[in-house]
file upload34.cif (mmCIF, C-alpha atoms)
data_coords
loop_
_atom_site.label_atom_id
_atom_site.label_comp_id
_atom_site.auth_asym_id
_atom_site.auth_seq_id
_atom_site.Cartn_x
_atom_site.Cartn_y
_atom_site.Cartn_z
CA MET A 1 -51.90 -0.64 77.86
CA ALA A 2 -53.85 0.61 74.84
CA SER A 3 -51.58 3.65 74.56
CA LEU A 4 -48.51 1.38 74.67
CA ILE A 5 -49.94 -0.63 71.79
CA GLY A 6 -50.50 2.66 69.99
CA VAL A 7 -46.83 3.60 70.46
CA LEU A 8 -45.71 0.20 69.15
CA ALA A 9 -48.05 0.61 66.19
CA ILE A 10 -46.53 4.05 65.43
CA ALA A 11 -43.03 2.57 65.67
CA GLY A 12 -44.07 -0.26 63.35
CA GLY A 13 -45.53 2.25 60.92
CA VAL A 14 -42.32 4.29 60.93
CA PHE A 15 -40.27 1.13 60.33
CA TRP A 16 -42.57 0.13 57.47
CA LEU A 17 -42.22 3.62 55.99
CA GLU A 18 -38.43 3.87 56.13
CA ALA A 19 -36.94 0.36 56.15
CA PRO A 20 -37.91 -0.91 52.65
CA GLY A 21 -36.31 2.11 50.97
CA LEU A 22 -33.14 1.77 53.00
CA LEU A 23 -32.89 -1.96 52.26
CA LYS A 24 -33.55 -1.37 48.57
CA ARG A 25 -30.73 1.17 48.42
CA LYS A 26 -28.52 -1.22 50.47
CA ARG A 27 -27.94 1.37 53.20
CA VAL A 28 -26.91 -1.06 55.93
CA LYS A 29 -25.23 1.45 58.23
CA GLU A 30 -28.13 3.88 57.88
CA MET A 31 -30.54 1.03 58.67
CA VAL A 32 -28.62 0.12 61.85
CA TRP A 33 -28.68 3.72 63.11
CA PHE A 34 -32.29 4.17 62.13
CA VAL A 35 -33.33 1.09 64.09
CA SER A 36 -31.20 2.17 67.06
CA PHE A 37 -32.79 5.62 67.18
CA LEU A 38 -36.24 4.15 66.63
CA LEU A 39 -35.74 1.75 69.54
CA ILE A 40 -34.61 4.59 71.80
CA GLY A 41 -37.55 6.76 70.71
CA THR A 42 -40.05 3.92 71.14
CA GLY A 43 -38.61 2.97 74.53
CA LEU A 44 -38.82 6.54 75.79
CA TYR A 45 -42.27 7.10 74.36
CA GLY A 46 -43.46 3.81 75.81
CA ALA A 47 -42.10 4.80 79.20
CA LEU A 48 -43.90 8.14 78.92
CA THR A 49 -47.23 6.48 78.15
CA LEU A 50 -46.73 4.12 81.11
CA GLU A 51 -46.20 7.24 83.21
CA ALA A 52 -42.71 6.18 84.22
CA LYS A 53 -40.63 8.91 85.84
CA LEU A 54 -38.36 10.25 83.12
CA PRO A 55 -35.61 12.81 83.76
CA ASN A 56 -36.19 16.47 82.98
CA PRO A 57 -33.44 17.38 80.46
CA PHE A 58 -33.31 20.94 81.78
CA LYS A 59 -32.24 19.57 85.17
CA LEU A 60 -29.01 18.84 83.31
CA LEU A 61 -28.45 22.60 83.13
CA GLU A 62 -28.72 22.73 86.92
CA ILE A 63 -26.09 20.00 87.21
CA MET A 64 -23.81 21.66 84.66
CA PHE A 65 -24.13 25.27 85.76
CA GLY A 66 -25.36 25.04 89.36
CA TRP A 67 -21.95 26.22 90.54
CA ALA A 68 -22.06 29.33 88.38
CA ALA A 69 -25.62 30.56 88.86
CA MET B 1 -23.57 10.89 45.74
CA ASN B 2 -22.94 13.32 48.56
CA PRO B 3 -26.32 14.15 50.10
CA TYR B 4 -25.09 17.34 51.77
CA ALA B 5 -23.31 18.97 48.83
CA ASN B 6 -26.06 20.11 46.49
CA LYS B 7 -28.47 21.75 48.90
CA LYS B 8 -28.03 25.42 48.10
CA ILE B 9 -29.96 28.47 49.26
CA THR B 10 -29.54 32.07 48.14
CA VAL B 11 -28.10 34.80 50.32
CA ARG B 12 -31.56 36.42 50.52
CA GLN B 13 -33.11 33.15 51.73
CA PHE B 14 -30.28 32.81 54.25
CA GLN B 15 -31.02 36.32 55.55
CA ILE B 16 -34.74 35.63 55.87
CA LEU B 17 -34.08 32.41 57.78
CA ILE B 18 -31.80 34.31 60.17
CA ILE B 19 -34.38 37.08 60.73
CA LEU B 20 -37.20 34.59 61.37
CA GLY B 21 -34.96 32.50 63.63
CA LEU B 22 -33.76 35.56 65.51
CA ILE B 23 -37.28 36.76 66.23
CA GLY B 24 -38.27 33.15 67.03
CA ASP B 25 -39.74 32.76 70.50
CA ALA B 26 -38.35 36.14 71.58
CA ILE B 27 -41.24 38.14 70.11
CA LEU B 28 -43.56 36.66 72.71
CA ILE B 29 -41.39 36.15 75.78
CA MET B 30 -38.83 38.94 75.49
CA PRO B 31 -41.01 41.74 76.96
CA THR B 32 -41.60 39.77 80.21
CA ILE B 33 -37.97 38.76 80.49
CA THR B 34 -36.63 42.30 80.07
CA ALA B 35 -39.37 43.93 82.16
CA SER B 36 -38.91 41.53 85.08
CA SER B 37 -35.68 43.26 85.98
CA ALA B 38 -35.63 46.55 84.07
CA ARG B 39 -39.38 47.39 84.29
CA GLN B 40 -40.10 50.56 82.27
CA ASP B 41 -36.48 50.50 81.06
CA ALA B 42 -37.08 47.20 79.28
CA TRP B 43 -36.62 48.97 75.95
CA LEU B 44 -33.18 50.13 77.11
CA SER B 45 -32.32 46.52 78.04
CA MET B 46 -33.35 45.52 74.56
CA LEU B 47 -31.17 48.25 73.05
CA VAL B 48 -28.17 47.04 75.08
CA ALA B 49 -28.92 43.49 73.92
CA TYR B 50 -29.19 44.78 70.36
CA ALA B 51 -25.73 46.39 70.50
CA VAL B 52 -24.12 43.29 72.02
CA GLY B 53 -26.06 41.14 69.55
CA MET B 54 -24.46 42.94 66.63
CA LEU B 55 -21.02 42.05 68.05
CA ILE B 56 -22.17 38.44 68.35
CA GLY B 57 -23.23 38.72 64.69
CA VAL B 58 -19.67 39.78 63.77
CA PHE B 59 -18.34 36.76 65.69
CA PHE B 60 -20.67 34.35 63.87
CA ALA B 61 -19.84 35.99 60.53
CA LEU B 62 -16.12 35.42 61.16
CA ILE B 63 -16.80 31.69 61.51
CA ALA B 64 -19.43 31.49 58.75
CA ASN B 65 -17.09 33.04 56.17
CA ARG B 66 -14.44 30.48 56.99
CA ILE B 67 -16.62 27.36 56.97
CA ARG B 68 -18.86 28.08 53.99
CA GLN B 69 -16.67 26.13 51.59
CA SER B 70 -16.99 23.05 53.81
CA GLU B 71 -19.61 20.36 53.48
CA SER B 72 -21.27 21.25 56.78
CA LEU B 73 -20.61 22.79 60.19
CA ILE B 74 -19.66 19.42 61.71
CA ALA B 75 -17.45 18.54 58.73
CA ALA B 76 -15.72 21.92 59.08
CA SER B 77 -15.07 21.36 62.76
CA ARG B 78 -13.62 17.91 62.00
CA GLU B 79 -11.44 19.33 59.23
CA VAL B 80 -10.08 22.03 61.51
CA LEU B 81 -9.84 20.34 64.90
CA GLY B 82 -9.22 16.79 63.75
CA PRO B 83 -11.59 13.82 63.94
CA TRP B 84 -11.59 13.62 67.75
CA GLY B 85 -11.44 17.30 68.68
CA GLY B 86 -13.79 18.25 65.86
CA GLY B 87 -16.07 15.36 66.70
CA PHE B 88 -16.24 16.51 70.32
CA VAL B 89 -16.99 20.11 69.34
CA GLY B 90 -19.60 18.81 66.88
CA LEU B 91 -21.20 16.74 69.64
CA LEU B 92 -21.41 19.78 71.91
CA LEU B 93 -23.00 21.81 69.11
CA VAL B 94 -25.54 19.05 68.41
CA PHE B 95 -26.36 18.90 72.14
CA ASN B 96 -26.87 22.67 72.08
CA PHE B 97 -29.19 22.50 69.06
CA PHE B 98 -31.14 19.67 70.68
CA MET B 99 -31.61 21.53 73.97
CA CYS B 100 -32.56 24.78 72.25
CA ALA B 101 -35.12 22.93 70.13
CA LEU B 102 -36.53 21.38 73.33
CA SER B 103 -36.88 24.80 74.95
CA LEU B 104 -38.73 26.11 71.89
CA LEU B 105 -41.07 23.13 71.80
CA SER B 106 -41.74 23.59 75.51
CA GLU B 107 -42.52 27.27 75.05
CA MET B 108 -44.74 26.57 72.07
CA SER B 109 -46.68 23.89 73.94
CA GLN B 110 -47.03 26.11 77.03
CA PHE B 111 -48.33 28.99 74.93
CA MET B 112 -50.82 26.87 73.03
CA THR B 113 -52.17 25.08 76.10
CA THR B 114 -52.49 28.21 78.23
CA GLN B 115 -53.69 30.75 75.66
CA LEU B 116 -55.17 29.22 72.55
CA MET B 117 -56.13 25.55 72.90
CA THR B 118 -56.66 25.01 76.58
CA GLU B 119 -58.60 21.75 76.21
CA THR B 120 -56.19 20.08 73.77
CA PRO B 121 -53.67 17.61 75.24
CA VAL B 122 -50.12 18.91 75.10
CA ASN B 123 -48.91 15.73 73.36
CA ALA B 124 -51.28 16.35 70.46
CA ILE B 125 -50.01 19.91 70.01
CA ILE B 126 -46.35 18.86 70.04
CA PHE B 127 -47.13 15.93 67.72
CA VAL B 128 -48.77 18.13 65.08
CA PHE B 129 -46.08 20.81 65.33
CA LEU B 130 -43.28 18.24 65.02
CA ALA B 131 -45.06 16.57 62.09
CA VAL B 132 -44.81 19.86 60.14
CA VAL B 133 -41.16 20.28 61.17
CA ILE B 134 -40.40 16.73 59.97
CA LEU B 135 -42.15 17.36 56.65
CA ALA B 136 -40.20 20.59 56.11
CA PHE B 137 -36.97 18.80 56.96
CA ARG B 138 -37.69 15.97 54.53
CA TYR B 139 -38.43 18.39 51.71
CA GLY B 140 -34.99 19.86 52.29
CA VAL B 141 -33.29 23.13 53.05
CA GLU B 142 -34.02 24.61 49.60
CA VAL B 143 -37.75 24.11 50.02
CA PHE B 144 -38.10 25.47 53.53
CA ALA B 145 -35.89 28.42 52.64
CA ARG B 146 -38.21 29.22 49.71
CA MET B 147 -41.20 28.83 52.00
CA GLY B 148 -39.55 31.33 54.32
CA GLU B 149 -39.30 33.75 51.40
CA LEU B 150 -43.04 33.39 50.89
CA LEU B 151 -43.98 33.75 54.55
CA PHE B 152 -41.65 36.61 55.40
CA PRO B 153 -43.64 39.34 53.57
CA ALA B 154 -46.81 38.08 55.30
CA PHE B 155 -45.00 38.31 58.62
CA LEU B 156 -43.84 41.88 57.87
CA VAL B 157 -47.33 43.00 56.80
CA LEU B 158 -48.86 41.62 60.00
CA PHE B 159 -46.10 43.19 62.06
CA ALA B 160 -46.66 46.59 60.41
CA PHE B 161 -50.42 46.19 60.94
CA LEU B 162 -49.87 45.52 64.64
CA VAL B 163 -47.53 48.48 65.10
CA VAL B 164 -49.62 50.99 63.13
CA PHE B 165 -52.90 50.18 64.89
CA LEU B 166 -51.32 50.08 68.35
CA LEU B 167 -49.59 53.43 68.00
CA PRO B 168 -52.68 55.47 69.04
CA GLN B 169 -52.67 53.62 72.38
CA ALA B 170 -48.97 54.23 73.04
CA GLU B 171 -48.16 56.66 75.84
CA GLY B 172 -44.71 58.15 76.16
CA ASP B 173 -45.23 58.77 79.90
CA ARG B 174 -44.98 55.03 80.55
CA LEU B 175 -41.28 55.17 79.65
CA MET B 176 -40.62 57.48 82.62
CA PRO B 177 -38.65 57.60 84.85
CA VAL B 178 -35.66 56.52 82.79
CA ALA B 179 -33.03 54.45 84.61
CA SER B 180 -34.46 55.37 88.03
CA GLU B 181 -32.92 52.26 89.64
CA GLY B 182 -29.55 52.73 87.96
CA VAL B 183 -27.87 50.83 85.16
CA LEU B 184 -27.68 47.41 86.82
CA PRO B 185 -31.35 46.34 86.31
CA ILE B 186 -31.08 47.39 82.66
CA LEU B 187 -27.97 45.26 82.18
CA ASN B 188 -29.61 42.37 84.07
CA GLY B 189 -32.60 42.55 81.77
CA SER B 190 -30.40 42.50 78.71
CA VAL B 191 -28.62 39.26 79.67
CA MET B 192 -31.51 36.94 78.81
CA ALA B 193 -32.31 39.03 75.73
CA ILE B 194 -28.76 38.59 74.45
CA SER B 195 -28.81 34.90 75.27
CA ILE B 196 -32.19 33.87 73.83
CA THR B 197 -32.25 36.20 70.86
CA PHE B 198 -28.73 36.55 69.56
CA MET B 199 -26.52 33.78 70.97
CA GLU B 200 -28.89 31.02 69.90
CA MET B 201 -28.44 32.10 66.31
CA VAL B 202 -25.26 30.05 66.36
CA VAL B 203 -27.49 27.72 64.35
CA LEU B 204 -26.85 29.94 61.31
CA LEU B 205 -23.43 28.31 61.14
CA ALA B 206 -25.15 25.07 60.16
CA LEU B 207 -26.75 26.90 57.21
CA ALA B 208 -23.65 28.81 56.07
CA PRO B 209 -22.21 25.91 53.99
CA HIS B 210 -25.50 25.77 52.06
CA VAL B 211 -25.38 29.40 50.90
CA SER B 212 -24.67 29.62 47.17
CA GLY B 213 -22.16 31.99 45.59
CA SER B 214 -18.81 33.10 46.87
CA ARG B 215 -19.76 36.48 48.36
CA GLY B 216 -18.82 37.03 51.99
CA LEU B 217 -21.54 36.48 54.58
CA THR B 218 -20.63 39.31 56.98
CA LYS B 219 -23.03 41.85 55.47
CA PRO B 220 -25.97 39.44 55.13
CA ILE B 221 -25.55 38.21 58.71
CA LEU B 222 -25.18 41.68 60.19
CA SER B 223 -28.10 43.11 58.21
CA SER B 224 -30.30 40.19 59.34
CA PHE B 225 -29.26 40.73 62.95
CA ALA B 226 -29.97 44.46 62.54
CA ILE B 227 -33.47 43.87 61.10
CA GLY B 228 -34.41 41.15 63.61
CA GLY B 229 -33.06 43.17 66.54
CA LEU B 230 -34.93 46.27 65.34
CA LEU B 231 -38.25 44.41 65.08
CA LEU B 232 -37.81 42.99 68.58
CA SER B 233 -36.85 46.39 69.98
CA ILE B 234 -40.04 47.85 68.47
CA VAL B 235 -42.09 45.08 70.12
CA VAL B 236 -40.56 45.71 73.55
CA LEU B 237 -40.94 49.48 73.20
CA LEU B 238 -44.58 49.09 72.18
CA CYS B 239 -45.23 46.78 75.11
CA VAL B 240 -43.84 49.37 77.55
CA MET B 241 -45.72 52.24 75.94
CA VAL B 242 -49.07 50.44 75.60
CA LEU B 243 -49.16 48.03 78.55
CA GLY B 244 -46.79 49.66 81.02
CA PRO B 245 -44.24 47.81 83.18
CA ASN B 246 -46.73 46.29 85.67
CA LEU B 247 -48.69 44.37 83.06
CA MET B 248 -45.51 43.43 81.21
CA GLU B 249 -44.01 41.96 84.33
CA THR B 250 -47.03 39.98 85.44
CA LYS B 251 -48.37 38.67 82.13
CA LEU B 252 -46.71 35.58 80.72
CA TYR B 253 -47.11 36.73 77.12
CA PRO B 254 -47.38 40.54 77.03
CA THR B 255 -47.19 40.69 73.22
CA PHE B 256 -50.29 38.53 73.09
CA VAL B 257 -52.05 40.89 75.51
CA LEU B 258 -50.85 43.74 73.32
CA ALA B 259 -52.59 42.22 70.32
CA GLN B 260 -55.76 41.78 72.39
CA LYS B 261 -55.78 45.56 72.89
CA LEU B 262 -55.91 46.16 69.18
CA THR B 263 -59.14 47.80 68.06
CA ILE B 264 -59.99 49.22 64.65
CA GLY B 265 -62.93 51.62 64.53
CA ASN B 266 -64.66 49.88 67.46
CA PHE B 267 -65.79 47.00 65.28
CA LEU B 268 -62.64 44.96 64.60
CA GLU B 269 -61.39 43.67 67.94
CA ARG B 270 -59.60 40.73 69.60
CA MET B 271 -57.07 40.30 66.86
CA GLU B 272 -54.62 38.27 68.93
CA ALA B 273 -54.71 35.57 66.28
CA ILE B 274 -52.40 37.88 64.32
CA ILE B 275 -49.70 37.68 66.94
CA ALA B 276 -50.31 33.95 67.34
CA PHE B 277 -49.82 33.47 63.58
CA MET B 278 -46.65 35.59 63.54
CA TRP B 279 -45.27 33.76 66.53
CA ILE B 280 -46.04 30.35 65.09
CA ILE B 281 -44.18 31.29 61.87
CA THR B 282 -41.09 32.45 63.72
CA VAL B 283 -41.07 29.67 66.31
CA PHE B 284 -41.61 27.12 63.56
CA TYR B 285 -38.58 28.40 61.65
CA LYS B 286 -36.35 28.58 64.68
CA THR B 287 -37.34 25.06 65.74
CA LEU B 288 -36.87 23.82 62.19
CA LEU B 289 -33.38 25.31 61.92
CA LEU B 290 -32.36 23.79 65.26
CA TYR B 291 -33.90 20.44 64.41
CA TYR B 292 -32.23 20.48 61.00
CA ALA B 293 -28.85 21.30 62.54
CA ALA B 294 -29.28 18.60 65.21
CA VAL B 295 -30.31 15.78 62.85
CA ALA B 296 -27.75 16.70 60.19
CA GLY B 297 -25.18 17.06 62.96
CA ILE B 298 -25.85 13.51 64.17
CA ALA B 299 -25.74 12.00 60.68
CA GLN B 300 -22.44 13.64 59.66
CA PRO B 301 -20.02 12.17 62.24
CA LEU B 302 -21.70 8.78 61.79
CA LYS B 303 -20.84 9.12 58.09
CA LEU B 304 -24.40 8.34 57.04
CA LYS B 305 -25.17 8.84 53.35
CA GLU B 306 -28.65 10.11 54.14
CA ASN B 307 -30.33 11.50 57.23
CA VAL B 308 -34.07 11.62 56.57
CA MET B 309 -34.64 8.24 58.19
CA LEU B 310 -33.55 9.75 61.52
CA THR B 311 -36.20 12.47 61.44
CA ILE B 312 -39.13 10.57 62.98
CA PRO B 313 -37.15 8.71 65.69
CA MET B 314 -35.48 12.01 66.65
CA ALA B 315 -38.87 13.70 66.79
CA MET B 316 -40.14 10.91 69.09
CA ILE B 317 -37.19 11.49 71.43
CA MET B 318 -37.75 15.26 71.33
CA MET B 319 -41.43 14.88 72.02
CA VAL B 320 -40.81 12.77 75.12
CA PHE B 321 -38.22 15.20 76.49
CA THR B 322 -40.44 18.19 75.72
CA VAL B 323 -43.20 16.70 77.84
CA THR B 324 -40.83 15.81 80.68
CA SER B 325 -39.05 19.17 80.53
CA THR B 326 -42.25 21.08 81.27
CA PRO B 327 -43.70 19.62 84.48
CA SER B 328 -44.90 23.14 85.32
CA ILE B 329 -44.37 26.59 83.83
CA THR B 330 -42.95 27.82 87.16
CA GLU B 331 -40.26 25.13 87.30
CA TYR B 332 -39.44 25.55 83.63
CA SER B 333 -39.15 29.35 83.97
CA TYR B 334 -36.99 28.99 87.09
CA LEU B 335 -34.54 26.62 85.38
CA LEU B 336 -34.47 28.74 82.26
CA GLU B 337 -33.93 32.08 83.95
CA ARG B 338 -31.29 30.75 86.30
CA TYR B 339 -29.18 28.53 84.07
CA TYR B 340 -30.03 29.24 80.45
CA PRO B 341 -27.73 32.29 79.99
CA TRP B 342 -24.83 30.15 81.24
CA PHE B 343 -25.78 27.35 78.90
CA ASP B 344 -25.98 29.72 75.93
CA LEU B 345 -22.73 31.44 76.87
CA THR B 346 -20.95 28.08 76.97
CA PHE B 347 -22.49 26.32 74.00
CA CYS B 348 -23.27 29.25 71.70
CA LEU B 349 -20.16 31.36 72.26
CA LEU B 350 -17.37 29.37 73.94
CA VAL B 351 -17.75 26.21 71.85
CA PRO B 352 -17.82 28.13 68.53
CA SER B 353 -14.81 30.10 69.85
CA LEU B 354 -12.85 26.84 69.84
CA LEU B 355 -13.81 26.38 66.21
CA LEU B 356 -12.82 29.94 65.33
CA ALA B 357 -9.49 29.54 67.13
CA GLY B 358 -8.84 26.38 65.12
CA LEU B 359 -9.78 28.14 61.88
CA LEU B 360 -7.45 31.06 62.64
CA VAL B 361 -4.57 28.74 63.56
CA LYS B 362 -5.15 26.73 60.39
CA LYS B 363 -5.09 29.89 58.30
CA LYS B 364 -1.89 31.08 60.01
CA HIS B 365 -0.21 27.78 59.23
CA GLY B 366 -1.14 28.04 55.57
CA GLY B 367 -4.37 26.04 55.57
CA ASN B 368 -7.00 26.84 53.00
CA ALA B 369 -9.62 28.27 55.36
CA ASP B 370 -11.10 31.00 53.20
CA SER B 371 -12.31 34.23 54.65
CA LYS B 372 -14.31 36.72 52.64
CA PRO B 373 -15.53 39.89 54.33
#

call {"tool": "encode", "arguments": {"input": "upload34.cif", "output": "C-alpha cells"}}
result
Amino acid sequence: MASLIGVLAIAGGVFWLEAPGLLKRKRVKEMVWFVSFLLIGTGLYGALTLEAKLPNPFKLLEIMFGWAA
Amino acid sequence: MNPYANKKITVRQFQILIILGLIGDAILIMPTITASSARQDAWLSMLVAYAVGMLIGVFFALIANRIRQSESLIAASREVLGPWGGGFVGLLLVFNFFMCALSLLSEMSQFMTTQLMTETPVNAIIFVFLAVVILAFRYGVEVFARMGELLFPAFLVLFAFLVVFLLPQAEGDRLMPVASEGVLPILNGSVMAISITFMEMVVLLALAPHVSGSRGLTKPILSSFAIGGLLLSIVVLLCVMVLGPNLMETKLYPTFVLAQKLTIGNFLERMEAIIAFMWIITVFYKTLLLYYAAVAGIAQPLKLKENVMLTIPMAMIMMVFTVTSTPSITEYSYLLERYYPWFDLTFCLLVPSLLLAGLLVKKKHGGNADSKP
C-alpha cells in the first residue's frame, strides 16, 4: 500500500511539474494527451507495485512471429 | 512556432551518434551471440555481418537523403504515403523504437544486477538510467549530440587502451580451425549480429531531418557504419583470441570478462570498470536515440506543438514493461534469439522499404523528394 501511495505521489509530482506550464501556454490538446499518458503510466506502475500479473511485451514477438521461427 | 524545425545537428555529430548507437549493446553481447553458433569462427560471422551491414547502411542512406528536407521521419512518411498509410507506417516505426528501447533497458538492467550492482533493486537502476535519458531528451537533440561529441573521444581512448593492453594475451591459435563445421554456423552467427547491430540503426532516419546543411548523407552514414562495424569486429576478434570459443559461449558478457583479464605490469588489474563505462555510454546513446524517436514519433501524428510533457509518462510505461519483459534472463534470451531477427527484419527493413518505395514513386511522378548522394 505504501508503494502505491509512492506511485501516486510521483504521478502528482509529475502533474505539478508539467501541468502549470501547459495551462499557461494554453496547450489544451497537449494537456489532454499528457494526462492520458500519465494515467496509463500511473495505472501500469500501480499494478506493478501491487504485483499484478502484467503481460511480457516480448511475448508479443512470439505471437507475431511464432509461425516463422 | 514549429518545435521540430530548428533542432539542428552537424554532420559530424550525426556520425558520432550513429557510431555510438551502432556499438550500443552489441559491444557486450555480440561475442556470445556470434560464438554460440560459430564458435572460433565468431569473427568471421562478424565480418559477414559487417559486409551485410554496409548494404543496410546504403539502404538507410537512400531513405535518409530523401527525407532530410522533411520536418521529421513521421512527417515524411505522412507526406509520402498519405495521412492514413503514412500514419500506419509511422505507428509501426514507433512500435519498433519502443520495443528496441525496451530490449536495451532490459539488457542494461540485467547487466547491472548480475555484474556490477547485485544488491541494488532492478527498479532503482532502471529509474536512474531513465532519469538521465529523460534529462537528455528535454535538453534537446542539439545538446545530446554535443555531449556525444565530448564523450566519443573518451570512448575511443578507452577502447584503444583495452585493445593495446589485451594484445599480449591474444593467441592466434584460438582462431583455428577455420570454418571446420562449414559455412552454415558462420552465417547463423551473423544473423543476430546483422539484426542487433545494423538493422536497429533504422533509428538514424529519425535524426536525418535534424542534420544541418544540404550535403548528402550517404558518405556520413556509410563511414559511421564502417567505423562502428570495425570496432565491433575488433572486439569479437579479441574475444576469440584472448578468451577462446568455450569461454565466449558460456559467459553472458565475454567483453566484460575480457576486461577483467587486463593487467598492466602486475599492479594495475581488474579494470572491467573501463568496459562498463564504455558500454554505459553506448547503451545510453542507443536508448536515448530510440526513446527520442519513439516520443517524437508519438507527438507528431497527434499534431502536438511540444513533446517534452510526454517524456516522464512514457518513461513510466517503459519502466513497467522493462520489468515485466525480464522475468528471467533465460526466458528473455530465448525470446530474443528466436524471434528478434524476424522482428528486426520486419520493422527495421520491410517497414522502411514501404517508405522508400513511396519516396521513389513520388519522385517518379514529379514529387519534390530530394536525393543527394

call {"tool": "resolve_selection", "arguments": {"input": "upload34.cif", "expression": "the PyMOL selection byres ((chain B and resi 155-163) around 8)", "output": "list in words"}}
result
Leu151, Phe152, Pro153, Ala154, Val164, Phe165, Leu166, Leu167, Leu238, Ala259, Leu262, Ile274, Met278 and Ile281 of chain B

call {"tool": "interface_residues", "arguments": {"input": "upload34.cif", "of": "chain B", "to": "chain A", "cutoff": "10 Å", "atoms": "only C-alpha atoms", "output": "VMD selection string"}}
result
chain B and resid 99 102 to 103 299 302 to 327 331 to 332 335 to 343 346

call {"tool": "closest_residue", "arguments": {"input": "upload34.cif", "among": "B:Met199, B:Ala76, B:Leu205, B:Ile125", "to": "Phe14 (chain B)", "atoms": "only C-alpha atoms"}}
result
B:Leu205

call {"tool": "resolve_selection", "arguments": {"input": "upload34.cif", "expression": "the PyMOL selection byres ((chain B and resi 227-230) around 7)", "output": "VMD selection string"}}
result
chain B and resid 19 22 to 23 50 223 to 226 231 to 234

call {"tool": "residues_around", "arguments": {"input": "upload34.cif", "residues": "Ile196 (chain B)", "least_positions_apart": "2", "cutoff": "9 Å", "atoms": "only C-alpha atoms", "output": "ChimeraX atom specification"}}
result
/B:22,25-26,30,191-194,198-201,340-341,344

call {"tool": "atom_distance", "arguments": {"input": "upload34.cif", "atom1": "CA of Leu356 (chain B)", "atom2": "CA of Leu62 (chain B)"}}
result
7.6 Å

call {"tool": "resolve_selection", "arguments": {"input": "upload34.cif", "expression": "the PyMOL selection byres ((chain A and resi 1) around 10)", "output": "PyMOL selection string"}}
result
chain A and resi 2-7+46+49-50

call {"tool": "atom_distance", "arguments": {"input": "upload34.cif", "atom1": "CA of Arg215 (chain B)", "atom2": "CA of Tyr285 (chain B)"}}
result
24.4 Å

call {"tool": "atom_distance", "arguments": {"input": "upload34.cif", "atom1": "CA of Gln169 (chain B)", "atom2": "CA of Val242 (chain B)"}}
result
5.8 Å

call {"tool": "build_atoms", "arguments": {"input": "upload34.cif", "residues": "region 121-132 of chain B", "atoms": "N, CA, C and O atoms", "output": "PDB file, in the coordinates of the input"}}
result
ATOM      1  N   PRO B 121     -54.824  18.189  74.523  1.00  0.00           N
ATOM      2  CA  PRO B 121     -53.670  17.610  75.240  1.00  0.00           C
ATOM      3  C   PRO B 121     -52.353  18.113  74.644  1.00  0.00           C
ATOM      4  O   PRO B 121     -52.248  18.276  73.423  1.00  0.00           O
ATOM      5  N   VAL B 122     -51.405  18.346  75.527  1.00  0.00           N
ATOM      6  CA  VAL B 122     -50.120  18.910  75.100  1.00  0.00           C
ATOM      7  C   VAL B 122     -49.421  17.995  74.079  1.00  0.00           C
ATOM      8  O   VAL B 122     -48.791  18.469  73.123  1.00  0.00           O
ATOM      9  N   ASN B 123     -49.566  16.672  74.287  1.00  0.00           N
ATOM     10  CA  ASN B 123     -48.910  15.730  73.360  1.00  0.00           C
ATOM     11  C   ASN B 123     -49.401  15.920  71.932  1.00  0.00           C
ATOM     12  O   ASN B 123     -48.616  15.834  70.978  1.00  0.00           O
ATOM     13  N   ALA B 124     -50.708  16.180  71.792  1.00  0.00           N
ATOM     14  CA  ALA B 124     -51.280  16.350  70.460  1.00  0.00           C
ATOM     15  C   ALA B 124     -50.710  17.594  69.782  1.00  0.00           C
ATOM     16  O   ALA B 124     -50.395  17.578  68.580  1.00  0.00           O
ATOM     17  N   ILE B 125     -50.546  18.660  70.565  1.00  0.00           N
ATOM     18  CA  ILE B 125     -50.010  19.910  70.010  1.00  0.00           C
ATOM     19  C   ILE B 125     -48.565  19.710  69.545  1.00  0.00           C
ATOM     20  O   ILE B 125     -48.196  20.087  68.433  1.00  0.00           O
ATOM     21  N   ILE B 126     -47.764  19.087  70.398  1.00  0.00           N
ATOM     22  CA  ILE B 126     -46.350  18.860  70.040  1.00  0.00           C
ATOM     23  C   ILE B 126     -46.269  17.923  68.830  1.00  0.00           C
ATOM     24  O   ILE B 126     -45.452  18.129  67.924  1.00  0.00           O
ATOM     25  N   PHE B 127     -47.124  16.909  68.813  1.00  0.00           N
ATOM     26  CA  PHE B 127     -47.130  15.930  67.720  1.00  0.00           C
ATOM     27  C   PHE B 127     -47.378  16.622  66.376  1.00  0.00           C
ATOM     28  O   PHE B 127     -46.642  16.413  65.407  1.00  0.00           O
ATOM     29  N   VAL B 128     -48.420  17.460  66.331  1.00  0.00           N
ATOM     30  CA  VAL B 128     -48.770  18.130  65.080  1.00  0.00           C
ATOM     31  C   VAL B 128     -47.658  19.102  64.654  1.00  0.00           C
ATOM     32  O   VAL B 128     -47.253  19.144  63.487  1.00  0.00           O
ATOM     33  N   PHE B 129     -47.143  19.846  65.630  1.00  0.00           N
ATOM     34  CA  PHE B 129     -46.080  20.810  65.330  1.00  0.00           C
ATOM     35  C   PHE B 129     -44.841  20.084  64.781  1.00  0.00           C
ATOM     36  O   PHE B 129     -44.269  20.484  63.764  1.00  0.00           O
ATOM     37  N   LEU B 130     -44.466  18.987  65.458  1.00  0.00           N
ATOM     38  CA  LEU B 130     -43.280  18.240  65.020  1.00  0.00           C
ATOM     39  C   LEU B 130     -43.506  17.581  63.653  1.00  0.00           C
ATOM     40  O   LEU B 130     -42.570  17.441  62.868  1.00  0.00           O
ATOM     41  N   ALA B 131     -44.758  17.196  63.391  1.00  0.00           N
ATOM     42  CA  ALA B 131     -45.060  16.570  62.090  1.00  0.00           C
ATOM     43  C   ALA B 131     -44.751  17.563  60.956  1.00  0.00           C
ATOM     44  O   ALA B 131     -44.157  17.190  59.931  1.00  0.00           O
ATOM     45  N   VAL B 132     -45.093  18.838  61.170  1.00  0.00           N
ATOM     46  CA  VAL B 132     -44.810  19.860  60.140  1.00  0.00           C
ATOM     47  C   VAL B 132     -43.298  20.090  60.034  1.00  0.00           C
ATOM     48  O   VAL B 132     -42.752  20.236  58.928  1.00  0.00           O
TER      49      VAL B 132
END
